[in-house]
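Student: Quick one: the structure is below, questions incoming.
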Amino acid sequence: MSKKIFEIQAKCSKSKARAGVVKLPHGEVKTPIFMPIGTQGTVKSLSRDELEKLGSQIILGNTYHLWLRPDLDVLQSAGGLHKFSSWEKPILTDSGGFQAFSLAKIRKFSEEGVTFSSHLNGEKRFLSPEESMRIQTVIGSDIALVLDECLPAEISKVEARRAMIRTRNWAERSRDAFEKLRHETGHENNLFGIPQGAQFNDLRVESAKLTMELDFPGYSIGGVANGGEPEEVMYSQVLEQTEILEDEKPRHLLGVGTPKDIVEMVARGIDMFDCVMPTRNARHGSLFSKVGEYGYSNIKIKTKRYEKDFSPINSDSVFWELRNYSKAYLRHLFISKELLAYRLATLNNLEFYLNLTTEIRERIMNDTFDEFWKNYKQIDS
RNA sequence: CCGGAGUUGGCCGAGCGGUCAAUGGCACCAGACUGUAAAUCUGUCGGGCUUCGCCCUACCCAAGUUCGAAUCUUGGACUCCGGA
């Protein structure tokens, strides 16, 4: 039996939403939670103190990127990623499976694993389930993920099934290798399984069952929102699996999504989220902003309409910078490509996302999530 | 006053007889971004329309040469660089 790491504290009476706590070696994570992405061992443009102040409880790192740079040797010498980056709270690492998908032009799959050409210098590297586990053990992530094969949304069913079976085989190899490493090093970290199945609901069901057989302490649902599929498709892909996966284990949805998606997915039983959207969009000058009780809008700060808008970036922020610097000033920083722009916008967007999951959690606790879910929407500014 | 160089779309700047409503860059406008090869990318960018095409007005101004001129000639205006 896998170790129990999740405790449910409250359930929504009208949806599958639940609030809980995930217990990890570097601390507890209150769910639902959004996990900022720190691919290369840093949430782009932010320091540890800023992440703390944002209330980040857990962040992501990336096996593929950290493997290539700084390299395992450095991470090993540093004593793991927590020490290397001075982040004492939990870390979840992606296994490299997604890079096998997104770096399509420079990789090749086989049953044994994935061969990559490094995007940095072209050098060939081979990533197998065993190698991914070794890397994630050196990184020391609280939650490691099995190596999976992720495919574009428009894939054929035959192909989707083939990849799903391979992911299942890799999951087993990942689990065995991870257990062996745990035995050797004595670490207390966790390995999550990845149900796949593309857009085919029956494959989603089959994949969830196959993954459950391997008895992971939690799940990271994969292959959702990989290629512009309509919202309803995404939502049903997830629901097919959360209906089956054990309630008492935490469910992470890989790579999703918009604020609206997050609310919808919580209603379908997801506990943990990660997405590049708040951080990447921030660097592109797109700011998330709460509007009223149930709305949010997307501000394109670079447009001329903000040239003389001297209102604060966010008067409700916990950050002095966001309460005091004006939109006009932030626009100026973007137009001038001043580095402060990226930091301010990233703080703004992550604060928005983390406040969103905090509010969702509170509403689940006092059972007012349902009305929030029903009314939540994007409002064009 | 003499000699030389120049004046192109919001700005900078290519083009130097037809294939030019005019390459590029910037700005502007619009869009994209969902397990980060992204401080990125895409589209638009003189005006109008029956908008995978057509019609106007355009490369300082004027008059020419030519079947045809942003591109050649002459005159004018302005700018810059040398020399008095």
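FYI, nothing fancy with the structure tokens labels: chains A, B, ... in order, residues from 1 per chain, ligands from 1 as they appear.
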Name all residues at most 7 Å from Val276 in chain A (count only C-alpha atoms (C1' of nucleotides); drop same-chain ones fewer than 4 positions away) and give them as a VMD selection string.
Tutor: (chain A and resid 37 280) or (chain B and resid 36)
Student: Using only N, CA and C atoms (P, O5', C5', C4', C3', O3' and C1' of nucleotides), please write the residues we just selected to a file, as an mmCIF file, in the first residue's frame.
Tutor:
data_model
loop_
_atom_site.group_PDB
_atom_site.id
_atom_site.type_symbol
_atom_site.label_atom_id
_atom_site.label_comp_id
_atom_site.auth_asym_id
_atom_site.auth_seq_id
_atom_site.Cartn_x
_atom_site.Cartn_y
_atom_site.Cartn_z
ATOM 1 N N ILE A 37 5.373 27.793 -11.892
ATOM 2 C CA ILE A 37 6.349 27.004 -12.631
ATOM 3 C C ILE A 37 7.732 27.636 -12.569
ATOM 4 N N ARG A 280 4.159 33.374 -17.990
ATOM 5 C CA ARG A 280 4.505 33.726 -19.365
ATOM 6 C C ARG A 280 3.709 34.948 -19.822
ATOM 7 P P U B 36 6.690 22.540 -18.104
ATOM 8 O "O5'" U B 36 7.044 23.211 -19.514
ATOM 9 C "C5'" U B 36 6.308 24.342 -19.985
ATOM 10 C "C4'" U B 36 7.202 25.107 -20.922
ATOM 11 C "C3'" U B 36 8.705 24.839 -20.570
ATOM 12 O "O3'" U B 36 9.416 24.001 -21.481
ATOM 13 C "C1'" U B 36 8.091 27.210 -20.379
#
Student: Report the closest atom pair, with its distance in Å rounded to one decimal, for each residue of chain A that has an atom no farther than 8 Å from chain B; count only C-alpha atoms (C1' of nucleotides), sort by chain and then rising residue number, and write it as a tab-separated table.
Tutor:
residue	atom	partner	partner_atom	distance
A:Ile37	CA	B:U36	C1'	7.9
A:Thr39	CA	B:U36	C1'	6.6
A:Asp94	CA	B:G35	C1'	6.4
A:Phe98	CA	B:G35	C1'	5.9
A:Leu103	CA	B:A37	C1'	7.5
A:His119	CA	B:A37	C1'	5.8
A:Leu120	CA	B:A37	C1'	7.8
A:Gly222	CA	B:G35	C1'	7.2
A:Ala225	CA	B:U34	C1'	6.0
A:Asn226	CA	B:U34	C1'	7.7
A:Leu254	CA	B:G35	C1'	4.5
A:Gly255	CA	B:G35	C1'	4.4
A:Val256	CA	B:U34	C1'	4.8
A:Gly257	CA	B:U34	C1'	4.3
A:Thr258	CA	B:U34	C1'	6.5
A:Asp274	CA	B:G35	C1'	7.2
A:Cys275	CA	B:U34	C1'	6.1
A:Val276	CA	B:U36	C1'	6.2
A:Met277	CA	B:U34	C1'	6.3
A:Arg280	CA	B:A38	C1'	7.4
A:Asn281	CA	B:C33	C1'	6.7
A:Arg283	CA	B:A39	C1'	5.6
A:His284	CA	B:A39	C1'	7.2
A:Lys337	CA	B:A39	C1'	7.4
A:Leu339	CA	B:A39	C1'	7.6
A:Tyr342	CA	B:A39	C1'	6.7
Student: Write a file of the just-selected residues containing N, CA, C and O atoms, as an mmCIF file, in the first residue's frame.
Tutor:
data_model
loop_
_atom_site.group_PDB
_atom_site.id
_atom_site.type_symbol
_atom_site.label_atom_id
_atom_site.label_comp_id
_atom_site.auth_asym_id
_atom_site.auth_seq_id
_atom_site.Cartn_x
_atom_site.Cartn_y
_atom_site.Cartn_z
ATOM 1 N N ILE A 37 5.373 27.793 -11.892
ATOM 2 C CA ILE A 37 6.349 27.004 -12.631
ATOM 3 C C ILE A 37 7.732 27.636 -12.569
ATOM 4 O O ILE A 37 7.905 28.815 -12.883
ATOM 5 N N THR A 39 10.736 26.257 -14.111
ATOM 6 C CA THR A 39 11.385 25.281 -14.978
ATOM 7 C C THR A 39 12.863 25.052 -14.682
ATOM 8 O O THR A 39 13.319 23.935 -14.503
ATOM 9 N N ASP A 94 8.440 17.828 -13.077
ATOM 10 C CA ASP A 94 7.950 17.119 -14.240
ATOM 11 C C ASP A 94 9.055 16.161 -14.671
ATOM 12 O O ASP A 94 10.227 16.412 -14.451
ATOM 13 N N PHE A 98 6.838 15.761 -20.902
ATOM 14 C CA PHE A 98 6.239 16.838 -21.691
ATOM 15 C C PHE A 98 7.231 17.390 -22.709
ATOM 16 O O PHE A 98 6.856 17.753 -23.821
ATOM 17 N N LEU A 103 9.240 19.260 -27.591
ATOM 18 C CA LEU A 103 10.464 19.425 -28.374
ATOM 19 C C LEU A 103 10.462 18.422 -29.523
ATOM 20 O O LEU A 103 11.475 17.818 -29.844
ATOM 21 N N HIS A 119 18.344 21.074 -26.646
ATOM 22 C CA HIS A 119 17.982 22.327 -27.318
ATOM 23 C C HIS A 119 19.049 23.386 -27.082
ATOM 24 O O HIS A 119 19.042 24.438 -27.698
ATOM 25 N N LEU A 120 19.982 23.106 -26.188
ATOM 26 C CA LEU A 120 21.026 24.078 -25.884
ATOM 27 C C LEU A 120 22.220 23.956 -26.822
ATOM 28 O O LEU A 120 22.743 24.942 -27.306
ATOM 29 N N GLY A 222 -2.549 13.853 -17.279
ATOM 30 C CA GLY A 222 -1.768 14.425 -18.377
ATOM 31 C C GLY A 222 -2.522 14.493 -19.685
ATOM 32 O O GLY A 222 -3.615 13.945 -19.828
ATOM 33 N N ALA A 225 -5.447 19.809 -22.680
ATOM 34 C CA ALA A 225 -5.109 21.153 -23.194
ATOM 35 C C ALA A 225 -3.788 21.151 -23.959
ATOM 36 O O ALA A 225 -2.979 22.044 -23.812
ATOM 37 N N ASN A 226 -3.585 20.127 -24.766
ATOM 38 C CA ASN A 226 -2.357 20.042 -25.553
ATOM 39 C C ASN A 226 -2.474 20.621 -26.947
ATOM 40 O O ASN A 226 -1.503 20.695 -27.669
ATOM 41 N N LEU A 254 -2.043 18.386 -14.942
ATOM 42 C CA LEU A 254 -0.844 18.945 -15.546
ATOM 43 C C LEU A 254 -1.137 20.051 -16.568
ATOM 44 O O LEU A 254 -1.893 19.860 -17.515
ATOM 45 N N GLY A 255 -0.536 21.216 -16.306
ATOM 46 C CA GLY A 255 -0.502 22.241 -17.339
ATOM 47 C C GLY A 255 -1.737 23.092 -17.544
ATOM 48 O O GLY A 255 -1.816 23.841 -18.500
ATOM 49 N N VAL A 256 -2.704 23.013 -16.663
ATOM 50 C CA VAL A 256 -3.944 23.777 -16.853
ATOM 51 C C VAL A 256 -4.094 24.762 -15.701
ATOM 52 O O VAL A 256 -3.838 24.384 -14.547
ATOM 53 N N GLY A 257 -4.500 25.969 -15.978
ATOM 54 C CA GLY A 257 -4.996 26.508 -17.233
ATOM 55 C C GLY A 257 -5.368 27.957 -17.012
ATOM 56 O O GLY A 257 -4.791 28.674 -16.216
ATOM 57 N N THR A 258 -6.423 28.377 -17.681
ATOM 58 C CA THR A 258 -6.931 29.739 -17.489
ATOM 59 C C THR A 258 -7.624 29.793 -16.124
ATOM 60 O O THR A 258 -7.961 28.746 -15.564
ATOM 61 N N ASP A 274 -0.789 23.474 -12.225
ATOM 62 C CA ASP A 274 0.402 24.225 -12.601
ATOM 63 C C ASP A 274 0.173 24.684 -14.020
ATOM 64 O O ASP A 274 -0.525 24.029 -14.782
ATOM 65 N N CYS A 275 0.723 25.822 -14.355
ATOM 66 C CA CYS A 275 0.538 26.349 -15.708
ATOM 67 C C CYS A 275 1.501 27.502 -15.938
ATOM 68 O O CYS A 275 1.789 28.253 -15.008
ATOM 69 N N VAL A 276 1.973 27.630 -17.162
ATOM 70 C CA VAL A 276 2.857 28.751 -17.471
ATOM 71 C C VAL A 276 2.081 30.050 -17.677
ATOM 72 O O VAL A 276 2.673 31.119 -17.774
ATOM 73 N N MET A 277 0.780 29.926 -17.762
ATOM 74 C CA MET A 277 -0.006 31.093 -18.168
ATOM 75 C C MET A 277 0.236 32.362 -17.332
ATOM 76 O O MET A 277 0.493 33.421 -17.909
ATOM 77 N N ARG A 280 4.159 33.374 -17.990
ATOM 78 C CA ARG A 280 4.505 33.726 -19.365
ATOM 79 C C ARG A 280 3.709 34.948 -19.822
ATOM 80 O O ARG A 280 4.259 35.892 -20.369
ATOM 81 N N ASN A 281 2.407 34.907 -19.592
ATOM 82 C CA ASN A 281 1.603 36.053 -20.016
ATOM 83 C C ASN A 281 2.089 37.339 -19.353
ATOM 84 O O ASN A 281 2.058 38.404 -19.966
ATOM 85 N N ARG A 283 5.109 38.182 -18.682
ATOM 86 C CA ARG A 283 6.265 38.696 -19.433
ATOM 87 C C ARG A 283 5.867 39.242 -20.792
ATOM 88 O O ARG A 283 6.612 39.981 -21.419
ATOM 89 N N HIS A 284 4.673 38.836 -21.241
ATOM 90 C CA HIS A 284 4.187 39.349 -22.520
ATOM 91 C C HIS A 284 3.259 40.547 -22.327
ATOM 92 O O HIS A 284 2.588 40.974 -23.261
ATOM 93 N N LYS A 337 11.405 47.990 -22.334
ATOM 94 C CA LYS A 337 12.032 46.694 -22.053
ATOM 95 C C LYS A 337 12.902 46.736 -20.791
ATOM 96 O O LYS A 337 13.989 46.151 -20.732
ATOM 97 N N LEU A 339 13.806 45.681 -17.098
ATOM 98 C CA LEU A 339 13.652 44.383 -16.441
ATOM 99 C C LEU A 339 12.636 44.368 -15.303
ATOM 100 O O LEU A 339 12.023 43.350 -15.022
ATOM 101 N N TYR A 342 9.022 42.843 -15.941
ATOM 102 C CA TYR A 342 8.730 41.410 -15.909
ATOM 103 C C TYR A 342 8.467 40.937 -14.488
ATOM 104 O O TYR A 342 7.623 40.092 -14.232
#
Student: Could you tell me, as a VMD selection string, which residues of range 84-124 of chain A DSSP assigns to alpha helix (DSSP H) when given the backbone?
Tutor: chain A and resid 84 to 85 97 to 102
Student: Excluding Asn169 in chain A and its own-chain neighbours fewer than 6 positions away, which residues fall within 12 Å of it when counting only C-alpha atoms (C1' of nucleotides)? Please give them as a list in words.
Tutor: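 Once the adjacent positions are removed, what remains is Glu111, Glu112, Gly113, Ser128, Pro129, Glu130, Val146, Leu147, Asp148, Glu149, Arg162, Ala163, Arg175, Asp176, Gly193, Ile194, Pro195, Ser207, Leu210, Thr211, Glu213 and Leu214 of chain A.
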Student: Name all residues at most 12 Å from range 42-47 of chain B (count only C-alpha atoms (C1' of nucleotides); drop same-chain ones fewer than 3 positions away) and give them as a PyMOL selection string.
Tutor: chain B and resi 9-10+21-22+27-33+55-59
Student: So which residues touch Thr31 in chain A within 10 Å, counting only C-alpha atoms (C1' of nucleotides), skipping near sequence neighbours fewer than 3 positions away, as a ChimeraX atom specification?
Tutor: /A:6-9,18-22,28,34,57,250-251,266,270-273,357-358,360-361
Student: Write out as a list in words each polymer residue whose atoms come within 8 Å of Leu92 in chain A, counting only C-alpha atoms (C1' of nucleotides); drop sequence neighbours fewer than 6 positions from it.
Tutor: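 Near Leu92 in chain A, the qualifying residues are Ile58, Ile59, Leu60, Gly61, Ser141, Asp142, Ile143, Ala144 and Leu145 of chain A.
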Student: Limited to all heavy atoms, could you put the picked residues into a file as a PDB file, in the first residue's frame?
Tutor:
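Now in out-v8.pdb:
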ATOM      1  N   ILE A  58       4.218  25.502  -2.951  1.00  0.00           N
ATOM      2  CA  ILE A  58       4.957  24.489  -3.698  1.00  0.00           C
ATOM      3  C   ILE A  58       5.212  25.025  -5.096  1.00  0.00           C
ATOM      4  O   ILE A  58       4.378  25.738  -5.644  1.00  0.00           O
ATOM      5  CB  ILE A  58       4.152  23.157  -3.752  1.00  0.00           C
ATOM      6  CG1 ILE A  58       4.815  22.135  -4.686  1.00  0.00           C
ATOM      7  CG2 ILE A  58       2.699  23.393  -4.150  1.00  0.00           C
ATOM      8  CD1 ILE A  58       4.215  20.728  -4.588  1.00  0.00           C
ATOM      9  N   ILE A  59       6.379  24.739  -5.638  1.00  0.00           N
ATOM     10  CA  ILE A  59       6.670  25.178  -7.007  1.00  0.00           C
ATOM     11  C   ILE A  59       7.149  23.991  -7.840  1.00  0.00           C
ATOM     12  O   ILE A  59       7.480  22.932  -7.310  1.00  0.00           O
ATOM     13  CB  ILE A  59       7.732  26.294  -7.046  1.00  0.00           C
ATOM     14  CG1 ILE A  59       9.063  25.800  -6.487  1.00  0.00           C
ATOM     15  CG2 ILE A  59       7.255  27.515  -6.267  1.00  0.00           C
ATOM     16  CD1 ILE A  59      10.198  26.800  -6.657  1.00  0.00           C
ATOM     17  N   LEU A  60       7.201  24.199  -9.148  1.00  0.00           N
ATOM     18  CA  LEU A  60       7.632  23.149 -10.064  1.00  0.00           C
ATOM     19  C   LEU A  60       9.065  23.334 -10.521  1.00  0.00           C
ATOM     20  O   LEU A  60       9.538  24.453 -10.648  1.00  0.00           O
ATOM     21  CB  LEU A  60       6.775  23.209 -11.331  1.00  0.00           C
ATOM     22  CG  LEU A  60       5.798  22.084 -11.521  1.00  0.00           C
ATOM     23  CD1 LEU A  60       4.642  22.323 -10.588  1.00  0.00           C
ATOM     24  CD2 LEU A  60       5.330  22.043 -12.949  1.00  0.00           C
ATOM     25  N   GLY A  61       9.708  22.224 -10.805  1.00  0.00           N
ATOM     26  CA  GLY A  61      10.999  22.268 -11.463  1.00  0.00           C
ATOM     27  C   GLY A  61      10.909  21.324 -12.635  1.00  0.00           C
ATOM     28  O   GLY A  61       9.943  20.565 -12.754  1.00  0.00           O
ATOM     29  N   SER A 141      12.978  16.235  -5.443  1.00  0.00           N
ATOM     30  CA  SER A 141      11.622  16.774  -5.449  1.00  0.00           C
ATOM     31  C   SER A 141      10.692  15.999  -4.532  1.00  0.00           C
ATOM     32  O   SER A 141      10.770  14.771  -4.450  1.00  0.00           O
ATOM     33  CB  SER A 141      11.061  16.784  -6.875  1.00  0.00           C
ATOM     34  OG  SER A 141      11.399  15.608  -7.548  1.00  0.00           O
ATOM     35  N   ASP A 142       9.813  16.721  -3.857  1.00  0.00           N
ATOM     36  CA  ASP A 142       8.836  16.094  -2.958  1.00  0.00           C
ATOM     37  C   ASP A 142       7.873  15.212  -3.735  1.00  0.00           C
ATOM     38  O   ASP A 142       7.406  14.199  -3.233  1.00  0.00           O
ATOM     39  CB  ASP A 142       8.035  17.170  -2.216  1.00  0.00           C
ATOM     40  CG  ASP A 142       8.916  18.009  -1.316  1.00  0.00           C
ATOM     41  OD1 ASP A 142       9.738  18.784  -1.851  1.00  0.00           O
ATOM     42  OD2 ASP A 142       8.798  17.873  -0.087  1.00  0.00           O
ATOM     43  N   ILE A 143       7.550  15.683  -4.936  1.00  0.00           N
ATOM     44  CA  ILE A 143       6.712  14.889  -5.823  1.00  0.00           C
ATOM     45  C   ILE A 143       7.428  14.743  -7.151  1.00  0.00           C
ATOM     46  O   ILE A 143       7.691  15.746  -7.839  1.00  0.00           O
ATOM     47  CB  ILE A 143       5.331  15.548  -6.058  1.00  0.00           C
ATOM     48  CG1 ILE A 143       4.573  15.708  -4.725  1.00  0.00           C
ATOM     49  CG2 ILE A 143       4.507  14.720  -7.038  1.00  0.00           C
ATOM     50  CD1 ILE A 143       3.256  16.474  -4.850  1.00  0.00           C
ATOM     51  N   ALA A 144       7.750  13.506  -7.499  1.00  0.00           N
ATOM     52  CA  ALA A 144       8.341  13.218  -8.808  1.00  0.00           C
ATOM     53  C   ALA A 144       7.227  12.643  -9.668  1.00  0.00           C
ATOM     54  O   ALA A 144       6.238  12.126  -9.148  1.00  0.00           O
ATOM     55  CB  ALA A 144       9.471  12.207  -8.654  1.00  0.00           C
ATOM     56  N   LEU A 145       7.376  12.760 -10.974  1.00  0.00           N
ATOM     57  CA  LEU A 145       6.368  12.203 -11.874  1.00  0.00           C
ATOM     58  C   LEU A 145       6.978  11.088 -12.708  1.00  0.00           C
ATOM     59  O   LEU A 145       8.164  11.135 -13.044  1.00  0.00           O
ATOM     60  CB  LEU A 145       5.815  13.278 -12.819  1.00  0.00           C
ATOM     61  CG  LEU A 145       5.140  14.498 -12.193  1.00  0.00           C
ATOM     62  CD1 LEU A 145       4.476  15.334 -13.287  1.00  0.00           C
ATOM     63  CD2 LEU A 145       4.121  14.108 -11.138  1.00  0.00           C
TER      64      LEU A 145
END
Student: Neighbours of U73 in chain B within 12 Å (only C-alpha atoms (C1' of nucleotides); same-chain residues fewer than 5 positions away dropped), as a ChimeraX atom specification?
Tutor: /B:63-66
Student: With C-alpha atoms (C1' of nucleotides) retained, export the selected residues as a compact mmCIF listing (two decimals), in the first residue's frame.
Tutor:
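Output saved as selection38.txt:
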# COMPACT_ATOMS: atom_id res chain seq x y z
C1' A B 63 6.95 72.23 -65.19
C1' G B 64 9.08 68.72 -68.52
C1' U B 65 11.24 64.05 -71.10
C1' U B 66 8.98 59.14 -71.79
Student: Please indicate the distance in Å from CA of Gly228 in chain A to CA of Ala153 in chain A, rounded to one decimal place.
Tutor: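 Separating CA of Gly228 in chain A from CA of Ala153 in chain A is a distance of 7.7 Å.
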Student: Which parts of range 46-241 of chain A does DSSP call strand (DSSP E) when run on the backbone here, written out as a PyMOL selection string?
Tutor: chain A and resi 59-62+91-94+107-109+114-117+124-127+143-145+190-192+219-221
Student: Would you mind telling me which residue in B:C41, B:A84, B:C72, B:C60 lies nearest to U8 in chain B when using only C-alpha atoms (C1' of nucleotides)?
Tutor: B:C60
